[in-house]
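**Student:** Sharing target.txt here; it has compact mmCIF, C-alpha atoms.
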# COMPACT_ATOMS: atom_id res chain seq x y z
CA MET A 1 -0.43 -99.88 164.53
CA GLU A 2 1.41 -98.21 167.40
CA LYS A 3 3.43 -94.99 167.24
CA TYR A 4 6.96 -94.84 168.62
CA VAL A 5 9.91 -92.50 169.05
CA ALA A 6 13.29 -94.17 168.57
CA LEU A 7 16.59 -92.58 169.57
CA LEU A 8 19.84 -93.99 168.24
CA ARG A 9 22.95 -93.63 170.38
CA ALA A 10 26.20 -92.20 168.98
CA VAL A 11 25.14 -92.04 165.33
CA ASN A 12 26.92 -89.67 162.92
CA VAL A 13 29.10 -88.24 165.70
CA ALA A 14 32.60 -87.06 164.76
CA GLY A 15 32.52 -89.13 161.58
CA LYS A 16 31.81 -92.39 163.40
CA ASN A 17 28.85 -94.77 163.12
CA LYS A 18 27.71 -93.13 159.91
CA VAL A 19 24.11 -93.86 159.03
CA ASN A 20 22.40 -91.97 156.23
CA MET A 21 18.95 -91.17 157.60
CA LYS A 22 17.27 -91.51 154.19
CA ASP A 23 18.80 -94.96 153.77
CA LEU A 24 17.74 -95.89 157.30
CA LYS A 25 14.19 -94.71 156.62
CA ASN A 26 14.05 -96.86 153.48
CA ALA A 27 15.52 -99.90 155.27
CA LEU A 28 13.01 -99.63 158.12
CA GLU A 29 10.10 -99.28 155.70
CA GLU A 30 11.29 -102.37 153.81
CA GLU A 31 11.17 -104.24 157.13
CA GLY A 32 7.55 -103.27 157.79
CA PHE A 33 7.73 -100.01 159.73
CA GLN A 34 5.40 -97.31 158.44
CA ASN A 35 5.29 -93.51 158.41
CA VAL A 36 9.00 -93.36 159.24
CA ILE A 37 10.17 -89.80 159.80
CA THR A 38 13.76 -88.90 160.64
CA TYR A 39 14.74 -85.68 162.37
CA ILE A 40 18.23 -84.24 161.88
CA GLN A 41 21.20 -86.53 161.32
CA SER A 42 21.76 -87.68 164.89
CA GLY A 43 19.44 -90.67 164.92
CA ASN A 44 15.96 -89.46 165.82
CA LEU A 45 12.99 -91.39 164.43
CA VAL A 46 9.23 -91.31 164.68
CA LEU A 47 7.52 -94.36 163.21
CA ASP A 48 4.56 -96.72 163.29
CA SER A 49 4.83 -100.46 163.90
CA ILE A 50 2.60 -103.47 164.33
CA LEU A 51 4.99 -104.56 167.09
CA GLN A 52 3.35 -104.15 170.47
CA SER A 53 6.20 -103.21 172.79
CA GLU A 54 9.04 -100.73 173.01
CA SER A 55 11.54 -103.55 173.48
CA GLU A 56 10.36 -105.41 170.35
CA VAL A 57 10.68 -102.23 168.28
CA ALA A 58 14.17 -101.56 169.70
CA VAL A 59 15.32 -105.09 168.87
CA GLU A 60 13.97 -104.88 165.30
CA ILE A 61 15.57 -101.48 164.61
CA THR A 62 18.86 -102.71 166.09
CA GLU A 63 18.77 -105.75 163.79
CA VAL A 64 18.01 -103.62 160.71
CA ILE A 65 20.93 -101.30 161.47
CA ASN A 66 23.21 -104.26 162.06
CA MET A 67 22.18 -106.03 158.83
CA ARG A 68 22.06 -102.97 156.55
CA PHE A 69 24.85 -100.78 157.95
CA ASN A 70 27.02 -103.35 159.76
CA LEU A 71 26.81 -101.31 162.98
CA ASN A 72 25.89 -102.29 166.51
CA ILE A 73 23.94 -99.25 167.72
CA ASP A 74 22.01 -98.88 170.97
CA VAL A 75 18.39 -97.96 170.30
CA PHE A 76 16.06 -96.37 172.86
CA VAL A 77 12.35 -96.66 172.05
CA PHE A 78 9.33 -95.00 173.65
CA SER A 79 5.66 -95.48 172.83
CA ALA A 80 3.70 -92.33 171.95
CA GLN A 81 2.03 -92.41 175.35
CA ASN A 82 5.31 -92.81 177.22
CA TYR A 83 7.06 -90.14 175.16
CA ASN A 84 4.29 -87.61 175.78
CA GLN A 85 4.53 -88.45 179.49
CA ILE A 86 8.27 -87.72 179.37
CA ILE A 87 7.51 -84.21 178.12
CA ASN A 88 4.80 -83.68 180.72
CA ASN A 89 7.05 -84.91 183.54
CA ASN A 90 9.76 -82.28 182.99
CA PRO A 91 10.32 -80.99 186.55
CA PHE A 92 11.87 -77.70 185.40
CA PRO A 93 9.09 -75.26 184.46
CA ASN A 94 9.68 -72.78 181.64
CA GLU A 95 9.50 -69.79 183.94
CA THR A 96 12.54 -70.99 185.93
CA ILE A 97 14.83 -71.24 182.90
CA GLY A 98 16.82 -68.17 181.94
CA LYS A 99 17.84 -67.15 178.44
CA GLU A 100 21.35 -68.59 178.66
CA GLU A 101 20.36 -71.80 180.44
CA ARG A 102 19.70 -75.16 178.78
CA TRP A 103 17.58 -78.25 179.28
CA MET A 104 18.61 -81.69 178.21
CA ALA A 105 17.20 -85.17 178.63
CA ALA A 106 19.28 -88.32 179.04
CA PHE A 107 17.35 -91.42 177.99
CA TYR A 108 17.96 -94.87 179.50
CA LYS A 109 16.77 -98.38 178.66
CA GLU A 110 15.53 -99.02 182.20
CA ASP A 111 14.16 -96.94 185.05
CA ILE A 112 16.82 -95.06 186.97
CA GLN A 113 16.78 -93.76 190.52
CA ILE A 114 18.59 -90.43 190.75
CA PRO A 115 17.08 -87.99 193.24
CA ARG A 116 16.81 -84.28 192.54
CA GLN A 117 20.31 -82.84 192.93
CA LYS A 118 21.92 -79.48 192.32
CA ASN A 119 25.44 -78.06 192.19
CA THR A 120 26.96 -74.91 190.68
CA GLN A 121 26.68 -76.24 187.12
CA ALA A 122 23.30 -77.91 186.91
CA GLU A 123 20.28 -79.46 188.52
CA VAL A 124 19.08 -82.96 187.65
CA MET A 125 16.18 -85.23 188.46
CA ALA A 126 15.33 -88.71 187.20
CA MET A 127 11.83 -89.99 186.46
CA GLY A 128 11.39 -93.40 184.95
CA ARG A 129 13.83 -93.87 182.07
CA VAL A 130 14.78 -90.19 181.77
CA LEU A 131 17.24 -87.93 183.57
CA TYR A 132 16.09 -84.33 183.22
CA ILE A 133 19.01 -81.90 183.18
CA HIS A 134 18.82 -78.15 183.79
CA ILE A 135 22.19 -76.63 182.88
CA PHE A 136 22.90 -73.22 184.36
CA SER A 137 24.04 -70.23 182.35
CA GLY A 138 27.53 -70.61 180.86
CA GLN A 139 27.95 -74.23 182.02
CA ILE A 140 27.03 -76.17 178.85
CA HIS A 141 30.65 -76.72 177.77
CA THR A 142 32.04 -77.50 181.21
CA LEU A 143 29.24 -79.62 182.69
CA LYS A 144 30.50 -82.64 184.59
CA LEU A 145 27.37 -84.77 184.52
CA PRO A 146 28.98 -87.88 186.10
CA ALA A 147 29.01 -86.03 189.41
CA PHE A 148 25.25 -86.69 189.58
CA LEU A 149 25.07 -90.22 188.24
CA GLY A 150 26.34 -92.41 191.08
CA GLU A 151 25.82 -96.08 190.22
CA TYR A 152 24.53 -95.08 186.75
CA LYS A 153 27.88 -93.65 185.56
CA LYS A 154 28.50 -96.61 183.27
CA THR A 155 24.89 -97.22 182.23
CA ILE A 156 24.25 -96.82 178.52
CA THR A 157 22.33 -93.66 177.70
CA THR A 158 21.68 -91.22 174.89
CA THR A 159 21.15 -87.52 175.42
CA ARG A 160 19.12 -84.94 173.50
CA ASN A 161 18.70 -81.22 173.97
CA TRP A 162 15.20 -80.23 174.97
CA ARG A 163 14.45 -78.52 171.64
CA THR A 164 15.02 -81.81 169.83
CA THR A 165 12.99 -83.67 172.45
CA LEU A 166 10.07 -81.27 171.93
CA GLN A 167 10.38 -81.37 168.13
CA LEU A 168 10.07 -85.14 168.18
CA GLN A 169 6.88 -84.78 170.23
CA THR A 170 5.53 -82.32 167.66
CA ILE A 171 6.26 -84.78 164.84
CA LEU A 172 4.80 -87.66 166.84
CA ASN A 173 1.55 -85.84 167.62
CA SER A 174 1.15 -84.30 164.17
CA GLN A 175 0.64 -87.76 162.72
CA GLU A 176 -2.42 -88.64 164.78
Go through the file and emit its structure as C-alpha cells.
**Tutor:**
Amino acid sequence: MEKYVALLRAVNVAGKNKVNMKDLKNALEEEGFQNVITYIQSGNLVLDSILQSESEVAVEITEVINMRFNLNIDVFVFSAQNYNQIINNNPFPNETIGKEERWMAAFYKEDIQIPRQKNTQAEVMAMGRVLYIHIFSGQIHTLKLPAFLGEYKKTITTTRNWRTTLQLQTILNSQE
C-alpha cells in the first residue's frame, strides 16, 4: 500500500464543479482506496492505494469523479516521498517571509522549467512539478502570475496556499 496526496483542480469554486467531499471519500473507498482523508472543500485528499504510480492513481481518481459526479476534473497526484520532498524543496526560508507576505505552490502534471524570478509583486522558482511562489506584502489580490510563466501560461495547474500544502503533509505523515 502506497500513500498519496491528490489535488483536484477547480472543485467547488464559485458554485462550479461541485463535489461533496464526504461523497467523494465514500466513492474512492468503494473503488479500493483506503484511509481516504479529505481536507477542506477544495479538493485535497490523502489516501492509500495498491496502485504503484502517481499517474495510475490520478487516472483512477479521475475516472471515479467522472463516473460518480459526471465531472471531468484534473487530478494532480504525488507519492508521500515526492510530496515530502516538495515541502523540503521550498526555496523561500521562513525567516525571509514577513507577516503580510504569502507563500503559494502551483502544482503541475509534468516537470516545469521556470528559473528564479522576481518583480515588485512576487518571487517565483520552479522545481520539478511545483512552482513556488512568494507573494510580497499587499500583493495577493493584484498578483499577475502569468508574467512569470512564459511557455507554461496555458499549462494546466492547480494552486494551494502554503498553509494548506503544509497541512496535507501533516495529515500524510500522521498516518505512518
**Student:** What are the closest atom pairs, with distances in Å to one decimal, for each residue of segment 17-103 of chain A lying within 7 Å of segment 136-154 of chain A, using all atoms listed in the file, rows by chain and rising residue number, as CSV?
**Tutor:**
residue,atom,partner,partner_atom,distance
A:Glu100,CA,A:Ser137,CA,4.9
A:Glu101,CA,A:Ser137,CA,4.4
A:Arg102,CA,A:Phe136,CA,6.7
**Student:** Which one of A:Ile86, A:Leu8, A:Val36, A:Ile114 sits closest to Thr62 of chain A if you count only C-alpha atoms?
**Tutor:**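 Checking each of A:Ile86, A:Leu8, A:Val36, A:Ile114 against Thr62 of chain A, counting only C-alpha atoms, the winner is A:Leu8.
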**Student:** List as a list in words: which residues have an atom within 10 Å of (4.3, -82.7, 172.3), counting all atoms listed in the file?
**Tutor:**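 Protein, DNA and RNA residues close to (4.3, -82.7, 172.3): Ala80, Tyr83, Asn84, Gln85, Ile86, Ile87, Asn88, Thr165, Leu166, Gln167, Leu168, Gln169, Thr170, Ile171, Leu172, Asn173 and Ser174 of chain A.
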**Student:** Which residues are near Ile135 of chain A? Cut-off 12 Å, only C-alpha atoms, ignore same chain within fewer than 6 positions. Put them as a compact mmCIF listing (two decimals) with C-alpha atoms, in the frame of the given file.
**Tutor:**
# COMPACT_ATOMS: atom_id res chain seq x y z
CA PHE A 92 11.87 -77.70 185.40
CA THR A 96 12.54 -70.99 185.93
CA ILE A 97 14.83 -71.24 182.90
CA GLY A 98 16.82 -68.17 181.94
CA LYS A 99 17.84 -67.15 178.44
CA GLU A 100 21.35 -68.59 178.66
CA GLU A 101 20.36 -71.80 180.44
CA ARG A 102 19.70 -75.16 178.78
CA TRP A 103 17.58 -78.25 179.28
CA MET A 104 18.61 -81.69 178.21
CA ALA A 105 17.20 -85.17 178.63
CA GLN A 117 20.31 -82.84 192.93
CA LYS A 118 21.92 -79.48 192.32
CA ASN A 119 25.44 -78.06 192.19
CA THR A 120 26.96 -74.91 190.68
CA GLN A 121 26.68 -76.24 187.12
CA ALA A 122 23.30 -77.91 186.91
CA GLU A 123 20.28 -79.46 188.52
CA VAL A 124 19.08 -82.96 187.65
CA MET A 125 16.18 -85.23 188.46
CA HIS A 141 30.65 -76.72 177.77
CA THR A 142 32.04 -77.50 181.21
CA LEU A 143 29.24 -79.62 182.69
CA LYS A 144 30.50 -82.64 184.59
CA LEU A 145 27.37 -84.77 184.52
CA ASN A 161 18.70 -81.22 173.97
CA TRP A 162 15.20 -80.23 174.97
**Student:** I'd like the neighbourhood of segment 51-58 of chain A as a PyMOL selection string, where a residue qualifies if any of its atoms comes within 12 Å (using all atoms listed in the file), though same-chain residues fewer than 4 positions away should be ignored.
**Tutor:** chain A and resi 1-9+28+31-34+45-47+62-65+73-83+109-110
**Student:** Those same residues, written as a compact mmCIF listing (two decimals), in the frame of the given file with C-alpha atoms?
**Tutor:**
# COMPACT_ATOMS: atom_id res chain seq x y z
CA MET A 1 -0.43 -99.88 164.53
CA GLU A 2 1.41 -98.21 167.40
CA LYS A 3 3.43 -94.99 167.24
CA TYR A 4 6.96 -94.84 168.62
CA VAL A 5 9.91 -92.50 169.05
CA ALA A 6 13.29 -94.17 168.57
CA LEU A 7 16.59 -92.58 169.57
CA LEU A 8 19.84 -93.99 168.24
CA ARG A 9 22.95 -93.63 170.38
CA LEU A 28 13.01 -99.63 158.12
CA GLU A 31 11.17 -104.24 157.13
CA GLY A 32 7.55 -103.27 157.79
CA PHE A 33 7.73 -100.01 159.73
CA GLN A 34 5.40 -97.31 158.44
CA LEU A 45 12.99 -91.39 164.43
CA VAL A 46 9.23 -91.31 164.68
CA LEU A 47 7.52 -94.36 163.21
CA THR A 62 18.86 -102.71 166.09
CA GLU A 63 18.77 -105.75 163.79
CA VAL A 64 18.01 -103.62 160.71
CA ILE A 65 20.93 -101.30 161.47
CA ILE A 73 23.94 -99.25 167.72
CA ASP A 74 22.01 -98.88 170.97
CA VAL A 75 18.39 -97.96 170.30
CA PHE A 76 16.06 -96.37 172.86
CA VAL A 77 12.35 -96.66 172.05
CA PHE A 78 9.33 -95.00 173.65
CA SER A 79 5.66 -95.48 172.83
CA ALA A 80 3.70 -92.33 171.95
CA GLN A 81 2.03 -92.41 175.35
CA ASN A 82 5.31 -92.81 177.22
CA TYR A 83 7.06 -90.14 175.16
CA LYS A 109 16.77 -98.38 178.66
CA GLU A 110 15.53 -99.02 182.20
**Student:** Which residue out of A:Thr38, A:Lys22, A:Asn44, A:Asp111 has the minimum interatomic distance to Thr159 of chain A when all atoms listed in the file are used?
**Tutor:**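 Selected residue with least distance to Thr159 of chain A: A:Asn44.
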**Student:** Of the candidates A:Leu71, A:Ser49, A:Tyr39, A:Tyr132, which one gets nearest to Lys16 of chain A if we count all atoms listed in the file?
**Tutor:**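 For Lys16 of chain A, the nearest of the given residues is A:Leu71.
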**Student:** With all atoms listed in the file as the atoms that count, which of A:Asn12, A:Thr164, A:Asn35, A:Asn89 lies nearest to Val130 of chain A?
**Tutor:**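 Nearest to Val130 of chain A: A:Asn89.
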**Student:** Just how far from atom CA of Met67 of chain A is atom CA of Met21 of chain A, in Å to one decimal?
**Tutor:**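 Here the two named atoms are 15.3 Å from each other.
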**Student:** Quick one: pull the distance between atom CA of Leu131 of chain A and atom CA of Phe107 of chain A, Å, one decimal.
**Tutor:**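 Here the two named atoms are 6.6 Å from each other.
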**Student:** Please determine, counting only C-alpha atoms, which residue among A:Asn70, A:Arg160, A:Lys25, A:Asn94 has the shortest atom-to-atom distance to Asp48 of chain A.
**Tutor:**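 Distance minimum relative to Asp48 of chain A lands on A:Lys25.
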**Student:** Could you add N, CA and C atoms to segment 129-156 of chain A and give me the result as a PDB file, in the coordinates of the input?
**Tutor:**
ATOM      1  N   ARG A 129      12.653 -93.605 182.908  1.00  0.00           N
ATOM      2  CA  ARG A 129      13.830 -93.870 182.070  1.00  0.00           C
ATOM      3  C   ARG A 129      14.518 -92.599 181.591  1.00  0.00           C
ATOM      4  N   VAL A 130      14.232 -91.459 182.237  1.00  0.00           N
ATOM      5  CA  VAL A 130      14.780 -90.190 181.770  1.00  0.00           C
ATOM      6  C   VAL A 130      15.427 -89.423 182.926  1.00  0.00           C
ATOM      7  N   LEU A 131      16.598 -88.871 182.661  1.00  0.00           N
ATOM      8  CA  LEU A 131      17.240 -87.930 183.570  1.00  0.00           C
ATOM      9  C   LEU A 131      17.056 -86.545 182.967  1.00  0.00           C
ATOM     10  N   TYR A 132      16.310 -85.710 183.652  1.00  0.00           N
ATOM     11  CA  TYR A 132      16.090 -84.330 183.220  1.00  0.00           C
ATOM     12  C   TYR A 132      17.248 -83.492 183.727  1.00  0.00           C
ATOM     13  N   ILE A 133      17.811 -82.668 182.851  1.00  0.00           N
ATOM     14  CA  ILE A 133      19.010 -81.900 183.180  1.00  0.00           C
ATOM     15  C   ILE A 133      18.755 -80.424 182.903  1.00  0.00           C
ATOM     16  N   HIS A 134      18.920 -79.609 183.908  1.00  0.00           N
ATOM     17  CA  HIS A 134      18.820 -78.150 183.790  1.00  0.00           C
ATOM     18  C   HIS A 134      20.238 -77.617 183.961  1.00  0.00           C
ATOM     19  N   ILE A 135      20.813 -77.124 182.868  1.00  0.00           N
ATOM     20  CA  ILE A 135      22.190 -76.630 182.880  1.00  0.00           C
ATOM     21  C   ILE A 135      22.165 -75.122 183.060  1.00  0.00           C
ATOM     22  N   PHE A 136      22.895 -74.645 184.051  1.00  0.00           N
ATOM     23  CA  PHE A 136      22.900 -73.220 184.360  1.00  0.00           C
ATOM     24  C   PHE A 136      23.688 -72.426 183.329  1.00  0.00           C
ATOM     25  N   SER A 137      23.433 -71.151 183.298  1.00  0.00           N
ATOM     26  CA  SER A 137      24.040 -70.230 182.350  1.00  0.00           C
ATOM     27  C   SER A 137      25.567 -70.388 182.294  1.00  0.00           C
ATOM     28  N   GLY A 138      26.086 -70.534 181.077  1.00  0.00           N
ATOM     29  CA  GLY A 138      27.530 -70.610 180.860  1.00  0.00           C
ATOM     30  C   GLY A 138      28.161 -71.936 181.218  1.00  0.00           C
ATOM     31  N   GLN A 139      27.397 -72.947 181.567  1.00  0.00           N
ATOM     32  CA  GLN A 139      27.950 -74.230 182.020  1.00  0.00           C
ATOM     33  C   GLN A 139      27.874 -75.345 180.988  1.00  0.00           C
ATOM     34  N   ILE A 140      27.274 -75.097 179.829  1.00  0.00           N
ATOM     35  CA  ILE A 140      27.030 -76.170 178.850  1.00  0.00           C
ATOM     36  C   ILE A 140      28.322 -76.861 178.412  1.00  0.00           C
ATOM     37  N   HIS A 141      29.419 -76.123 178.277  1.00  0.00           N
ATOM     38  CA  HIS A 141      30.650 -76.720 177.770  1.00  0.00           C
ATOM     39  C   HIS A 141      31.549 -77.280 178.871  1.00  0.00           C
ATOM     40  N   THR A 142      31.211 -77.016 180.118  1.00  0.00           N
ATOM     41  CA  THR A 142      32.040 -77.500 181.210  1.00  0.00           C
ATOM     42  C   THR A 142      31.296 -78.457 182.144  1.00  0.00           C
ATOM     43  N   LEU A 143      30.063 -78.775 181.829  1.00  0.00           N
ATOM     44  CA  LEU A 143      29.240 -79.620 182.690  1.00  0.00           C
ATOM     45  C   LEU A 143      29.902 -80.969 182.941  1.00  0.00           C
ATOM     46  N   LYS A 144      29.970 -81.341 184.190  1.00  0.00           N
ATOM     47  CA  LYS A 144      30.500 -82.640 184.590  1.00  0.00           C
ATOM     48  C   LYS A 144      29.327 -83.475 185.115  1.00  0.00           C
ATOM     49  N   LEU A 145      28.565 -84.017 184.188  1.00  0.00           N
ATOM     50  CA  LEU A 145      27.370 -84.770 184.520  1.00  0.00           C
ATOM     51  C   LEU A 145      27.637 -85.995 185.398  1.00  0.00           C
ATOM     52  N   PRO A 146      28.759 -86.710 185.239  1.00  0.00           N
ATOM     53  CA  PRO A 146      28.980 -87.880 186.100  1.00  0.00           C
ATOM     54  C   PRO A 146      28.906 -87.599 187.589  1.00  0.00           C
ATOM     55  N   ALA A 147      29.107 -86.358 187.993  1.00  0.00           N
ATOM     56  CA  ALA A 147      29.010 -86.030 189.410  1.00  0.00           C
ATOM     57  C   ALA A 147      27.634 -86.362 189.989  1.00  0.00           C
ATOM     58  N   PHE A 148      26.623 -86.417 189.146  1.00  0.00           N
ATOM     59  CA  PHE A 148      25.250 -86.690 189.580  1.00  0.00           C
ATOM     60  C   PHE A 148      24.851 -88.160 189.463  1.00  0.00           C
ATOM     61  N   LEU A 149      25.582 -88.934 188.695  1.00  0.00           N
ATOM     62  CA  LEU A 149      25.070 -90.220 188.240  1.00  0.00           C
ATOM     63  C   LEU A 149      25.249 -91.394 189.193  1.00  0.00           C
ATOM     64  N   GLY A 150      26.161 -91.313 190.136  1.00  0.00           N
ATOM     65  CA  GLY A 150      26.340 -92.410 191.080  1.00  0.00           C
ATOM     66  C   GLY A 150      26.518 -93.740 190.391  1.00  0.00           C
ATOM     67  N   GLU A 151      25.710 -94.727 190.778  1.00  0.00           N
ATOM     68  CA  GLU A 151      25.820 -96.080 190.220  1.00  0.00           C
ATOM     69  C   GLU A 151      25.493 -96.145 188.726  1.00  0.00           C
ATOM     70  N   TYR A 152      24.922 -95.078 188.167  1.00  0.00           N
ATOM     71  CA  TYR A 152      24.530 -95.080 186.750  1.00  0.00           C
ATOM     72  C   TYR A 152      25.608 -94.506 185.835  1.00  0.00           C
ATOM     73  N   LYS A 153      26.805 -94.255 186.363  1.00  0.00           N
ATOM     74  CA  LYS A 153      27.880 -93.650 185.560  1.00  0.00           C
ATOM     75  C   LYS A 153      28.201 -94.456 184.313  1.00  0.00           C
ATOM     76  N   LYS A 154      28.122 -95.758 184.409  1.00  0.00           N
ATOM     77  CA  LYS A 154      28.500 -96.610 183.270  1.00  0.00           C
ATOM     78  C   LYS A 154      27.289 -97.197 182.554  1.00  0.00           C
ATOM     79  N   THR A 155      26.104 -96.732 182.882  1.00  0.00           N
ATOM     80  CA  THR A 155      24.890 -97.220 182.230  1.00  0.00           C
ATOM     81  C   THR A 155      24.754 -96.558 180.866  1.00  0.00           C
ATOM     82  N   ILE A 156      24.383 -97.339 179.879  1.00  0.00           N
ATOM     83  CA  ILE A 156      24.250 -96.820 178.520  1.00  0.00           C
ATOM     84  C   ILE A 156      23.075 -95.851 178.438  1.00  0.00           C
TER      85      ILE A 156
END
